[in-house]
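> This is the content of work31.txt (compact mmCIF, C-alpha atoms and all ligand atoms):
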# COMPACT_ATOMS: atom_id res chain seq x y z
CA MET A 1 8.29 11.57 -59.64
CA PHE A 2 7.96 8.23 -57.85
CA ARG A 3 5.17 9.55 -55.67
CA HIS A 4 3.51 10.56 -58.93
CA ARG A 5 3.93 7.01 -60.31
CA ALA A 6 2.31 5.51 -57.19
CA GLN A 7 -0.63 7.91 -57.55
CA GLN A 8 -0.91 7.05 -61.24
CA LEU A 9 -1.04 3.30 -60.57
CA ALA A 10 -3.48 3.80 -57.70
CA SER A 11 -5.80 5.87 -59.90
CA GLU A 12 -5.69 3.29 -62.70
CA PHE A 13 -6.51 0.36 -60.41
CA LEU A 14 -9.05 2.23 -58.26
CA ALA A 15 -10.88 3.31 -61.42
CA ARG A 16 -11.61 -0.37 -62.06
CA ALA A 17 -12.58 -0.94 -58.41
CA ASP A 18 -9.33 -2.78 -57.62
CA ALA A 19 -8.08 -1.26 -54.37
CA LYS A 20 -5.10 -3.53 -53.88
CA GLY A 21 -3.66 -4.57 -57.27
CA TRP A 22 -1.60 -1.43 -57.61
CA PHE A 23 0.63 -2.33 -54.68
CA GLU A 24 1.94 -5.46 -56.37
CA ALA A 25 2.30 -3.51 -59.64
CA LEU A 26 4.36 -0.85 -57.85
CA TYR A 27 6.56 -3.29 -55.90
CA ALA A 28 7.10 -5.43 -59.01
CA GLU A 29 8.03 -2.38 -61.07
CA ALA A 30 10.43 -1.23 -58.32
CA GLY A 31 12.28 -4.56 -58.07
CA ASN A 32 15.42 -3.87 -56.02
CA ASP A 33 15.07 -0.11 -56.52
CA TYR A 34 13.48 0.50 -53.11
CA ALA A 35 13.48 4.27 -53.62
CA ALA A 36 10.74 3.77 -56.23
CA VAL A 37 8.31 2.93 -53.40
CA PRO A 38 7.41 6.28 -51.83
CA TRP A 39 6.80 5.01 -48.27
CA ALA A 40 9.93 2.82 -48.16
CA ASP A 41 12.30 4.38 -45.63
CA LEU A 42 14.17 1.11 -45.03
CA ALA A 43 14.07 1.88 -41.32
CA PRO A 44 11.50 1.32 -38.60
CA ASN A 45 8.83 3.98 -38.40
CA PRO A 46 10.24 6.63 -36.01
CA ASN A 47 6.76 7.13 -34.53
CA LEU A 48 6.66 3.44 -33.63
CA VAL A 49 10.16 3.62 -32.16
CA ASP A 50 9.35 6.70 -30.05
CA TRP A 51 6.06 5.22 -28.89
CA SER A 52 7.67 1.90 -27.96
CA ILE A 53 10.29 3.73 -25.86
CA ALA A 54 7.67 5.86 -24.14
CA GLN A 55 5.55 2.76 -23.42
CA GLU A 56 8.58 0.64 -22.47
CA LEU A 57 7.21 -1.92 -24.90
CA LYS A 58 8.67 -5.39 -24.35
CA GLY A 59 8.02 -8.39 -26.53
CA VAL A 60 9.59 -11.42 -24.89
CA GLY A 61 7.00 -14.17 -24.61
CA LYS A 62 4.51 -12.20 -26.69
CA THR A 63 3.21 -12.36 -30.24
CA ALA A 64 2.97 -9.47 -32.70
CA LEU A 65 1.45 -8.93 -36.11
CA VAL A 66 2.37 -6.26 -38.64
CA VAL A 67 -0.43 -5.58 -41.12
CA GLY A 68 0.69 -4.35 -44.57
CA CYS A 69 4.35 -4.77 -43.61
CA GLY A 70 5.89 -3.45 -46.84
CA TYR A 71 9.65 -4.07 -46.78
CA GLY A 72 9.58 -5.38 -43.22
CA ASP A 73 11.50 -2.81 -41.15
CA ASP A 74 8.79 -2.46 -38.49
CA ALA A 75 8.50 -6.25 -38.21
CA GLU A 76 12.26 -6.50 -37.69
CA PHE A 77 12.11 -3.81 -35.03
CA LEU A 78 9.39 -5.69 -33.14
CA ALA A 79 11.36 -8.94 -33.46
CA GLU A 80 14.35 -7.12 -31.90
CA LEU A 81 12.10 -6.19 -28.98
CA GLY A 82 11.57 -9.92 -28.46
CA PHE A 83 8.14 -10.40 -30.03
CA ASP A 84 7.35 -13.55 -31.97
CA VAL A 85 6.38 -11.70 -35.16
CA VAL A 86 4.14 -12.50 -38.10
CA ALA A 87 4.06 -9.83 -40.80
CA PHE A 88 1.92 -9.89 -43.89
CA ASP A 89 1.38 -7.87 -47.01
CA VAL A 90 -0.90 -8.31 -50.00
CA SER A 91 2.06 -7.90 -52.37
CA PRO A 92 4.07 -11.08 -53.09
CA ASP A 93 6.96 -8.91 -54.32
CA ALA A 94 7.06 -6.97 -51.04
CA ILE A 95 7.16 -10.23 -49.09
CA ALA A 96 9.89 -11.62 -51.38
CA GLN A 97 11.90 -8.48 -50.63
CA CYS A 98 11.41 -8.96 -46.87
CA ASN A 99 12.81 -12.47 -47.15
CA GLN A 100 15.66 -11.23 -49.36
CA ARG A 101 16.55 -8.36 -47.02
CA PHE A 102 16.24 -10.36 -43.79
CA PRO A 103 17.12 -13.96 -44.69
CA ASN A 104 17.86 -14.93 -41.08
CA SER A 105 14.95 -13.09 -39.54
CA PRO A 106 12.93 -14.79 -36.82
CA ALA A 107 9.87 -12.95 -38.18
CA SER A 108 7.52 -14.91 -40.42
CA TYR A 109 6.62 -13.00 -43.59
CA GLN A 110 3.44 -14.01 -45.38
CA VAL A 111 1.43 -12.93 -48.41
CA ALA A 112 -2.06 -12.17 -47.11
CA ASP A 113 -4.95 -9.79 -47.53
CA VAL A 114 -6.16 -7.93 -44.46
CA LEU A 115 -9.65 -7.97 -45.96
CA ASN A 116 -9.54 -11.76 -45.78
CA PRO A 117 -6.88 -12.42 -43.15
CA PRO A 118 -5.37 -15.82 -42.45
CA ALA A 119 -5.94 -17.51 -39.10
CA ILE A 120 -2.96 -16.33 -37.05
CA GLY A 121 -2.63 -17.40 -33.42
CA SER A 122 -5.80 -18.99 -32.13
CA GLN A 123 -5.90 -16.63 -29.13
CA GLY A 124 -5.26 -13.48 -31.18
CA LEU A 125 -2.06 -11.45 -31.15
CA ASP A 126 -0.65 -9.60 -28.14
CA PHE A 127 0.41 -6.63 -30.23
CA VAL A 128 -0.85 -5.55 -33.66
CA LEU A 129 0.72 -2.75 -35.66
CA GLU A 130 -1.04 -1.02 -38.50
CA SER A 131 0.96 1.86 -39.95
CA TYR A 132 -0.19 3.70 -43.06
CA THR A 133 -2.24 0.79 -44.43
CA LEU A 134 -5.79 1.72 -43.38
CA GLN A 135 -5.30 5.03 -45.16
CA VAL A 136 -4.79 3.38 -48.54
CA PHE A 137 -8.32 1.94 -48.51
CA PRO A 138 -11.29 3.91 -49.79
CA PRO A 139 -13.76 4.48 -46.89
CA ALA A 140 -16.03 1.49 -47.59
CA LEU A 141 -13.14 -0.99 -47.59
CA ARG A 142 -11.48 0.77 -44.69
CA SER A 143 -14.33 -0.12 -42.39
CA VAL A 144 -14.04 -3.77 -43.49
CA ALA A 145 -10.27 -3.66 -42.79
CA ILE A 146 -10.89 -2.13 -39.35
CA SER A 147 -13.32 -4.87 -38.43
CA LYS A 148 -10.96 -7.60 -39.69
CA ILE A 149 -8.00 -6.15 -37.77
CA SER A 150 -10.06 -6.00 -34.59
CA THR A 151 -10.62 -9.78 -34.78
CA LEU A 152 -6.86 -10.43 -34.82
CA ILE A 153 -6.13 -8.91 -31.39
CA ALA A 154 -5.98 -11.02 -28.22
CA PRO A 155 -8.49 -10.12 -25.48
CA LEU A 156 -5.81 -8.22 -23.52
CA GLY A 157 -3.81 -7.34 -26.61
CA GLN A 158 -2.82 -3.94 -27.93
CA LEU A 159 -3.25 -2.27 -31.30
CA LEU A 160 -1.15 0.66 -32.49
CA VAL A 161 -2.50 2.59 -35.48
CA ILE A 162 -0.29 5.20 -37.15
CA ALA A 163 -2.08 7.14 -39.86
CA ARG A 164 -2.57 10.47 -41.54
CA GLY A 165 -5.51 12.28 -39.99
CA ARG A 166 -8.09 14.88 -40.84
CA GLU A 167 -10.97 16.68 -39.16
CA GLU A 168 -14.52 15.59 -40.04
CA THR A 169 -14.95 18.98 -41.65
CA ASP A 170 -11.89 18.57 -43.93
CA PRO A 171 -12.37 17.17 -47.43
CA PRO A 172 -11.60 13.43 -47.68
CA GLY A 173 -8.56 14.14 -49.86
CA GLN A 174 -6.85 11.81 -52.26
CA MET A 175 -5.20 8.47 -51.65
CA PRO A 176 -3.61 8.07 -49.09
CA TYR A 177 -6.90 9.18 -47.56
CA PRO A 178 -6.47 10.65 -44.07
CA LEU A 179 -8.54 9.09 -41.28
CA THR A 180 -10.95 10.85 -38.94
CA ARG A 181 -11.23 10.19 -35.21
CA ARG A 182 -14.71 8.85 -35.86
CA GLU A 183 -13.26 6.17 -38.14
CA LEU A 184 -10.68 5.23 -35.50
CA ALA A 185 -13.47 5.07 -32.91
CA THR A 186 -14.91 2.17 -34.92
CA PHE A 187 -12.32 0.04 -33.14
CA GLU A 188 -14.03 0.96 -29.87
CA ASP A 189 -17.43 0.07 -31.33
CA LEU A 190 -15.87 -3.32 -32.03
CA GLY A 191 -14.86 -3.87 -28.41
CA LEU A 192 -11.43 -2.27 -28.01
CA SER A 193 -10.82 0.52 -25.55
CA SER A 194 -8.78 3.58 -26.40
CA GLN A 195 -5.65 3.89 -24.27
CA SER A 196 -4.10 6.94 -25.87
CA PHE A 197 -4.45 9.21 -28.87
CA GLU A 198 -1.85 11.58 -30.22
CA ASP A 199 -2.33 14.15 -32.96
CA PHE A 200 1.11 15.13 -34.23
CA LEU A 201 2.92 16.65 -37.16
CA ASP A 202 5.10 14.02 -38.83
CA ASN A 203 8.61 15.31 -39.28
C1 LIG A 301 1.40 2.81 -47.59
S1 LIG A 301 2.10 1.24 -47.50
C2 LIG A 301 2.73 1.19 -45.83
C3 LIG A 301 3.74 0.09 -45.66
C4 LIG A 301 4.30 -0.03 -44.24
N1 LIG A 301 3.27 -0.36 -43.28
C5 LIG A 301 5.00 1.23 -43.86
O1 LIG A 301 4.58 1.88 -42.89
O2 LIG A 301 5.99 1.58 -44.52
C6 LIG A 301 0.68 0.18 -47.42
C7 LIG A 301 1.07 -1.29 -47.43
O3 LIG A 301 -0.11 -2.06 -47.29
C8 LIG A 301 -0.08 -3.12 -48.21
N2 LIG A 301 -1.48 -3.47 -48.50
C9 LIG A 301 -2.36 -2.81 -49.29
N3 LIG A 301 -3.55 -3.43 -49.33
C10 LIG A 301 -3.41 -4.51 -48.51
C11 LIG A 301 -4.29 -5.55 -48.14
N4 LIG A 301 -5.55 -5.62 -48.62
N5 LIG A 301 -3.83 -6.50 -47.28
C12 LIG A 301 -2.57 -6.46 -46.81
N6 LIG A 301 -1.68 -5.50 -47.14
C13 LIG A 301 -2.10 -4.53 -47.98
C14 LIG A 301 0.66 -2.57 -49.41
O4 LIG A 301 1.18 -3.56 -50.26
C15 LIG A 301 1.73 -1.72 -48.74
O5 LIG A 301 2.90 -2.45 -48.47
Kindly return the structure encoded in the file as structure tokens.
Ligand SMILES: C[S@@+](CC[C@H](N)C(=O)[O-])C[C@H]1O[C@@H](n2cnc3c(N)ncnc32)[C@H](O)[C@@H]1O

Amino acid sequence: MFRHRAQQLASEFLARADAKGWFEALYAEAGNDYAAVPWADLAPNPNLVDWSIAQELKGVGKTALVVGCGYGDDAEFLAELGFDVVAFDVSPDAIAQCNQRFPNSPASYQVADVLNPPAIGSQGLDFVLESYTLQVFPPALRSVAISKISTLIAPLGQLLVIARGREETDPPGQMPYPLTRRELATFEDLGLSSQSFEDFLDN
């Protein structure tokens, strides 16, 4: 039912060419009822956790950014790894919930739009996490978001993207629109190099 409500709000807002307003509408409607937000697991993304263990990811002395941070669990996880974390989301209600849930957090939670990102860290960030946010953008805006994210990464920094995927030959589907490898390769066109790619079934 809640997934249905998210789809309903998304359709309403997307029909009037507003690709982001529905997030604030959904978070505001949910209030403290976190279960009303379909992606809210209130735990760090297990794919991020597994990847960080496999990579022996360490954050002490490094900066990290979480794009579209939702309720903040991934940002808290990265802060626990020692990163100096900035996390932003376009929804003021989501950010208010981050501050309510983690009042003593060392992470800095900000309201910001990835399509018009704030200046964060003059050198770029050492580690940038994007999980399940690129896939909410229709294709035209997604390429803008990809190019904006690529400007936020330090020259030797790392980006981790976690997203639904599809083959080029699959239909584009409905929001959340799965990404193709070609779309991900745009990051390489923008100067990043691909370190690893994993195609997996999410449990
Ligand atoms: C599908 S949710 C994923 C949330 C979180 N990353 C996770 O994995 O649980 C997408 C998130 O991106 C945020 N978002 C959508 N459009 C955005 C934009 N233009 N700039 C920043 N955040 C945005 C939404 O408010 C929402 O919290």
> Do you know which residues are at most 7 Å from segment 128-145 of chain A counting all atoms listed in the file, after dropping those on the same chain fewer than 3 positions away, and could you put them as a ChimeraX atom specification?
/A:19,64-68,114-115,125,148-149,153,158-163,175-179
> Out of A:Gln100, A:Asp50, A:Glu24, A:Arg181, which residue has the shortest atom-to-atom distance to Ser194 of chain A when counting only C-alpha atoms?
A:Arg181
> What box, with edges along x, y and z, holds each listed atom of ligand LIG 301 (chain A) when 8 Å is added on every side, and can you state its centre and edge lengths in Å to one decimal, as lines of an AutoDock Vina configuration file?

center_x = 0.2
center_y = -1.8
center_z = -46.6
size_x = 27.5
size_y = 25.3
size_z = 23.4
> Have a look at A:Trp39, A:Phe127, A:Tyr34, A:Tyr109 and name the one nearest to ligand LIG 301 (chain A); count all atoms listed in the file.
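With all atoms listed in the file as the atom set, the closest residue is A:Trp39.
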> With all atoms listed in the file counted, which protein, DNA or RNA residues have an atom no more than 10 Å from (10.6, -10.3, -50.5) in the file frame? Please answer as JSON, numbers by chain.
{"A": [27, 31, 32, 70, 71, 72, 91, 92, 93, 94, 95, 96, 97, 98, 99, 100, 101, 102, 103, 109, 110, 111]}
> Hey, can you spit out that residue selection with C-alpha atoms as a JSON list (two decimals), in the coordinates of the input?

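Final file, selection22.json:
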[["chain", "number", "residue", "atom", "x", "y", "z"],
["A", 27, "TYR", "CA", 6.56, -3.29, -55.90],
["A", 31, "GLY", "CA", 12.28, -4.56, -58.07],
["A", 32, "ASN", "CA", 15.42, -3.87, -56.02],
["A", 70, "GLY", "CA", 5.89, -3.45, -46.84],
["A", 71, "TYR", "CA", 9.65, -4.07, -46.78],
["A", 72, "GLY", "CA", 9.58, -5.38, -43.22],
["A", 91, "SER", "CA", 2.06, -7.90, -52.37],
["A", 92, "PRO", "CA", 4.07, -11.08, -53.09],
["A", 93, "ASP", "CA", 6.96, -8.91, -54.32],
["A", 94, "ALA", "CA", 7.06, -6.97, -51.04],
["A", 95, "ILE", "CA", 7.16, -10.23, -49.09],
["A", 96, "ALA", "CA", 9.89, -11.62, -51.38],
["A", 97, "GLN", "CA", 11.90, -8.48, -50.63],
["A", 98, "CYS", "CA", 11.41, -8.96, -46.87],
["A", 99, "ASN", "CA", 12.81, -12.47, -47.15],
["A", 100, "GLN", "CA", 15.66, -11.23, -49.36],
["A", 101, "ARG", "CA", 16.55, -8.36, -47.02],
["A", 102, "PHE", "CA", 16.24, -10.36, -43.79],
["A", 103, "PRO", "CA", 17.12, -13.96, -44.69],
["A", 109, "TYR", "CA", 6.62, -13.00, -43.59],
["A", 110, "GLN", "CA", 3.44, -14.01, -45.38],
["A", 111, "VAL", "CA", 1.43, -12.93, -48.41]]
> In terms of the shortest atom-to-atom distance over all atoms listed in the file, which of A:Phe83, A:Trp51, A:Phe88, A:Phe13 is closest to ligand LIG 301 (chain A)?
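Smallest separation from ligand LIG 301 (chain A) among the options: A:Phe88.
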> Atom C2 of ligand LIG 301 (chain A) and atom CA of Gln55 of chain A, how far apart in Å?
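It comes out at 22.6 Å.
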> Please indicate the distance in Å from atom CA of Ser147 of chain A to atom CA of Thr180 of chain A, rounded to one decimal place.
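These two atoms are separated by 15.9 Å.
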> Can you tell me how far atom CA of Gln7 of chain A sits from atom CA of Glu183 of chain A, in Å to one decimal?
23.2 Å
> Using all atoms listed in the file, which of A:Ala112, A:Ser105, A:Thr151, A:Pro171 sits nearest Leu190 of chain A?
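Counting all atoms listed in the file, the residue closest to Leu190 of chain A is A:Thr151.
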> Nearest to Val49 of chain A among A:Val37, A:Asp89, A:Thr169, A:Leu81, with distances taken over all atoms listed in the file: which residue is it?
A:Leu81
> Using all atoms listed in the file, which residue out of A:Gly61, A:Ala17, A:Asp113, A:Arg5 lies closest to ligand LIG 301 (chain A)?
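For ligand LIG 301 (chain A), the nearest of the given residues is A:Asp113.
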